[in-house]
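What follows is a single structure, written as structure tokens, with notes after it.
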Amino acid sequence: MEIESQYSPQETEKKIYQFWMKNGFFKPEKSAPKKSKGTYTVVLPPPNVTGCLHMGHTLNVTIQDALIRWKRMQGYKTLWIPGIDHAGIAAQNVVEKNLRKEGVSRFDLGREKFIEKVWEWKQKYGDIILDQFKQIGISCDWSRTRFTMDKDYTKAVETAFEYYYNKGMVYRGKRVVNWCPRCQTSLSELELDHQEEQGSLWYIKYPLADDKDRYVTVATTRPETMFGDTAVAVNPSDKRYEKLIGKKLYIPIINREIPIVADQMIDQTFGTGAVKVTPAHDMADAEIGRKHDLEIIQVIDERAKMNQNAPVQYQGLKAAEARQKTIEELANLGSIEKIEPYTHQIPKCSRCNATIENMPSWQWFVKMEGPAKKALAAVEKGKIKFHPKHWENLYFSWMRNVRDWCISRQIWWGHKIPIWFCQTEPEKYFLSVKPPKKCQICKHCQPKQTEDVLDVWFSSALWPFATLGWPKKTKDLKTFYPTDSLTTGHDIVNLWVSRMIFSSLEMTGAIPFKDIVINAMVKTKDGKRMSKSLGTGIDPLTLIEKYGADATRFGLAWQITELQDMRFDEANIMAGKKFANKIWNAARFVGWQIGSEKIDVAKAPKPITDVDKQVLAELKALVRSTNEFLKNFEFGKAIQDIYHFFWHTFCDIYLEAAKKQINETQDKKLQSNTRNILMYVLVNSLKMLHIFMPFVTEQIYQLLPIKNKKKALIIENWPK
RNA sequence: GGGCGCUUGGCUCAGCGGUAGAGCGACUCGUUUACACCGAGUAGGUCAGGGGUUCGAUUCCCUUAGCGCCCACCA
């Protein structure tokens with residue numbers, strides 16, 4: 001073989017990937033043997049349309065590709081379905097931000113036009129993201145690529161909603177949400193930034209109703225919400241207030257009567273141990289309010305101004321202005337006991353930095369009691385396993401305390417909830433997936449669909465089966481479902497994995513997957529989060545360009561342990577590049593020793609010398625341990641062992657010995673046997689290496705003189 | 001506030017009841033007909049601190065400190 005002594009991934013990788021694609025090796029129909037050992041299915045956690053490839057994705061798909069390639073070579077009918085998530089508010093944000101550069105808001109455009117814009121974005125960037133994945137060399141069946149807003153997928157979403165609705169599991173309720181007064185939408189916790197602000201803690205005296213000379217002092221950072229107070233809460237075991245529980249207090253200024261209630265939640269050591277409860281404007285207070293059946297009085301509106309429930313002189317004031325006025329008025333009344341400086345975290349809108357207001361709003365919920373029970377049992381009984389196991393704790397703790405799922409969002413981009421409101425009786429509604437011909441309530445009005453959109457996770461929860469065609473009874477669904485393993489980060493165990501499990505049990509009656517592989521979070525060497533905005537992110541595409549995809553994959557796989565974080569060290573990628581070169585040169589040497597004679601590697605040659613014995617025995621042991629490691633999803637150990645064998649046993653010891661066994665003897669039998677062993681060990685090493693470093697290994701395979709060679713290494717038989 | 005994880009040679013990490021290993025890096029020597037992205041070696045750690053269990057602990061338990069993550073309703 002006339003080959004360069006330096007392996008250059010950049011030229012090879014593109015060529016090899018095209019070769020695989022052209023031959024359809026990623027498709028189960030083309031890659032599986034006629035008599036397959038069964039199926040092995042994986043669904044790719046769909047990246048957001050907004051995203052571009054980061055180290056987390058790279059690690060995540062490296063693992064999945066190793067599994068899929070391993071199973072494919074073992075003779076399973078393997079399918080790996082890729083796709084993209086429409087990413088709800090994240091996508092809406094990005095497009096909105098882009099529009100803002102042109103001085104246009106989404107409200108200027110209107111809903112229809114805006115959604116068109118998001119679709120344009122998706123068309124443009126969806127493919128870019130998938131191309132990035134291809135650069136890593138992953139073997140997804142691209143012909144089955146799905147998007148969570150595709151027509152068929154939308155059908156699945158509607159069917160799922162219908163299912164819950166018809167079973168009486170969907171309801172509408174008022175709940176305190178995070179509201180951005182500028183963006184006019186509720187936001188999830190993930191969409192908030194917390195900023196430290198210097199504020200004050202005001203100690204305000206609330207007089208007792210039956211004895212105006214006595215009072216209870218409450219501490220608050222938000223005095224202006226006092227007009228919405230419907231109780232004062234104390235800890236039941238707080239001696240100071242024991243005798244006051246159940247008595248009434250007056251809210252200063254407005255002199256409305258409110259009860260003193262007892263609640264475990266109250267921290268006796270904070271402030272005065274007595275808390276004003278404003279169920280409308282505080283999540284915690286809302287919880288207390290629910291427990292004690294308190295009235296909810298909203299005093300701040302959607303624009304963060306005081307509404308008609310506040311005293312007249314306050315109405316229309318911004319919350320901050322109202323606070324000032326409240327303090328002045330309280331001071332005049334002599335109701336302020338003291339003021340302490342207080343530093344606290346203020347929630348801000350991550351998009352526009354406006355201060356978030358908590359306020360009650362109507363939302364849609366799915367009852368979780370039934371689904372959670374089933375989902376819990378599936379993991380408890382071991383039908384679904386977490387790897388590493390301890391991650392199941394995260395799942396259990398969430399599932400055991402799960403609250404009803406708020407599935408509605410007040411954004412524009414997403415699946416519209418198929419609920420229609422009667423215009424005659426506006427409180428009444430009905431379900432209709434298609435625009436209804438007439439109102440099912442009053443039979444004569446023109447019903448209006450809710451503006452709300454479903455939580456993105458509602459649709460991603462259906463991913464394992466909706467990608468296979470559900471609710472249609474497709475051949476794919478029948479063949480490939482349930483899937484086998486799901487690989488993802490621990491950050492979305494509750495958001496996503498849990499929801500896939502119960503959704504699958506509800507919709508299909510089956511578990512969505514058997515094994516959940518939790519991959520580590522990739523952090524910087526100093527343990528910092530990798531983030532673009534912090535400038536701590538590392539772009540995997542740059543690494544691929546610099547060292548090659550094989551090296552990048554190797555470097556990441558090498559660092560896989562059971563830990564929750566991976567401190568990423570680029571040195572390992574460099575080691576990967578060296579290793580790729582080592583493999584390349586070992587193969588070059590073997591090819592050189594052999595010439596053009598085709599070697600049969602179907603069976604292991606018989607050893608003659610001690611080194612022969614050693615290398616063959618170690619290879620055999622390696623195959624066994626590698627299978628064991630992979631079965632247990634211990635990828636780091638697997639690649640480290642293969643590396644060690646290849647470099648130190650095969651190259652350092654056997655190759656050196658082989659030089660002597662071939663060149664320093666006249667023994668023809670020993671010479672040819674040594675050549676056979678060289679080729680045999682090389683090819684079998686390549687097979688195992690292939691699942692982590694697919695490109696170099698395939699390239700070498702293509703060049704080697706082997707008898708009865710398969711068309712490609714990717715469909716070769718896994719060593720026995 | 002609660003929960004979880006981590007703390008082992010310069011760096012990234014294994015390991016595990018009987019006084020420590022790998023890769024990278026460093027150093028020494030060697031090799032220029034597979035590979036200098038190489039080979040053969042060497043140095044380097046009181047296994048975060050304290051306490052306990054034990055014949056014996058890096059390994060088990062408690063505790064302190066630091067780091068990280070998740071959850072949460074400190075007004």
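We name chains A, B, ... following the order of the structure tokens; residues begin at 1 in each chain, and ligands are numbered from 1 as shown.
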Residue list for chain B near chain A as a compact mmCIF listing (two decimals) with N, CA, C and O atoms (P, O5', C5', C4', C3', O3' and C1' of nucleotides), in the first residue's frame, 6 Å, only C-alpha atoms (C1' of nucleotides):
# COMPACT_ATOMS: atom_id res chain seq x y z
P A B 34 9.89 -0.20 9.82
O5' A B 34 8.35 0.22 9.74
C5' A B 34 7.74 0.57 8.51
C4' A B 34 6.46 1.34 8.79
C3' A B 34 6.64 2.56 9.70
O3' A B 34 6.99 3.71 8.93
C1' A B 34 4.85 1.22 10.49
P C B 35 7.86 4.85 9.56
O5' C B 35 6.85 5.48 10.63
C5' C B 35 5.80 6.35 10.22
C4' C B 35 4.91 6.64 11.39
C3' C B 35 5.57 7.37 12.55
O3' C B 35 5.56 8.76 12.33
C1' C B 35 4.31 5.55 13.37
P C B 37 5.61 14.49 15.50
O5' C B 37 4.86 13.35 16.36
C5' C B 37 4.35 13.58 17.71
C4' C B 37 3.23 12.57 17.94
C3' C B 37 3.60 11.25 17.26
O3' C B 37 4.09 10.24 18.13
C1' C B 37 1.46 12.10 16.47
P C B 73 -41.50 26.30 44.67
O5' C B 73 -40.79 27.46 45.47
C5' C B 73 -41.29 28.77 45.35
C4' C B 73 -41.59 29.32 46.71
C3' C B 73 -40.49 29.09 47.73
O3' C B 73 -39.59 30.17 47.68
C1' C B 73 -42.59 28.48 48.66
P A B 75 -37.30 35.69 49.86
O5' A B 75 -38.27 36.96 50.01
C5' A B 75 -38.92 37.19 51.21
C4' A B 75 -40.38 36.94 51.00
C3' A B 75 -41.21 38.20 51.21
O3' A B 75 -42.18 38.29 50.19
C1' A B 75 -41.71 36.53 52.85
* To do: Enumerate the residues of stretch 250-486 of chain A with a DSSP assignment of alpha helix (DSSP H), computed from the backbone, and present them as a ChimeraX atom specification.
  => /A:283-292,319-333,369-380,392-400,456-460,463-466,475-480
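The neighbours of A:Lys437 here are the residues that come within 10 Å of it, using only C-alpha atoms (C1' of nucleotides) and leaving out any residue fewer than 4 positions away in the same chain; they are A:Ser432, A:Lys443, A:His444, A:Gln446, A:Pro447.
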* Residue neighbourhood B:G9, 12 Å, only C-alpha atoms (C1' of nucleotides), exclusion window fewer than 2 positions, as a PyMOL selection string -> chain B and resi 11+13+20-22+25-26+43-45+47
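For stretch 81-161 of chain A, the set of residues given strand (DSSP E or B) by DSSP on the backbone reads A:Ile81, A:Gly83, A:Ile84, A:Asp85, A:Arg146, A:Phe147.
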* To do: Do a neighbour search on A:Ile599 at 12 Å with only C-alpha atoms (C1' of nucleotides), toss out local chain neighbours closer than 6 positions, and write the hits as a ChimeraX atom specification.
  => /A:590-591,593,605,672-683,704-709
* Structure fact -> If you count only C-alpha atoms, the residue of A:Met359, A:Val170, A:Cys442, A:Ile714 closest to A:Thr78 turns out to be A:Ile714
* For stretch 223-233 of chain A, work out the shell of residues within 9 Å, counting only C-alpha atoms (C1' of nucleotides) and skipping chain neighbours fewer than 2 positions away, then give it as a VMD selection string. => chain A and resid 202 204 216 218 to 221 235 to 236 245 248 to 249 251 to 254 256 to 263 266 273 to 281 288 to 289 294 to 300 306 309 to 311 319 to 327
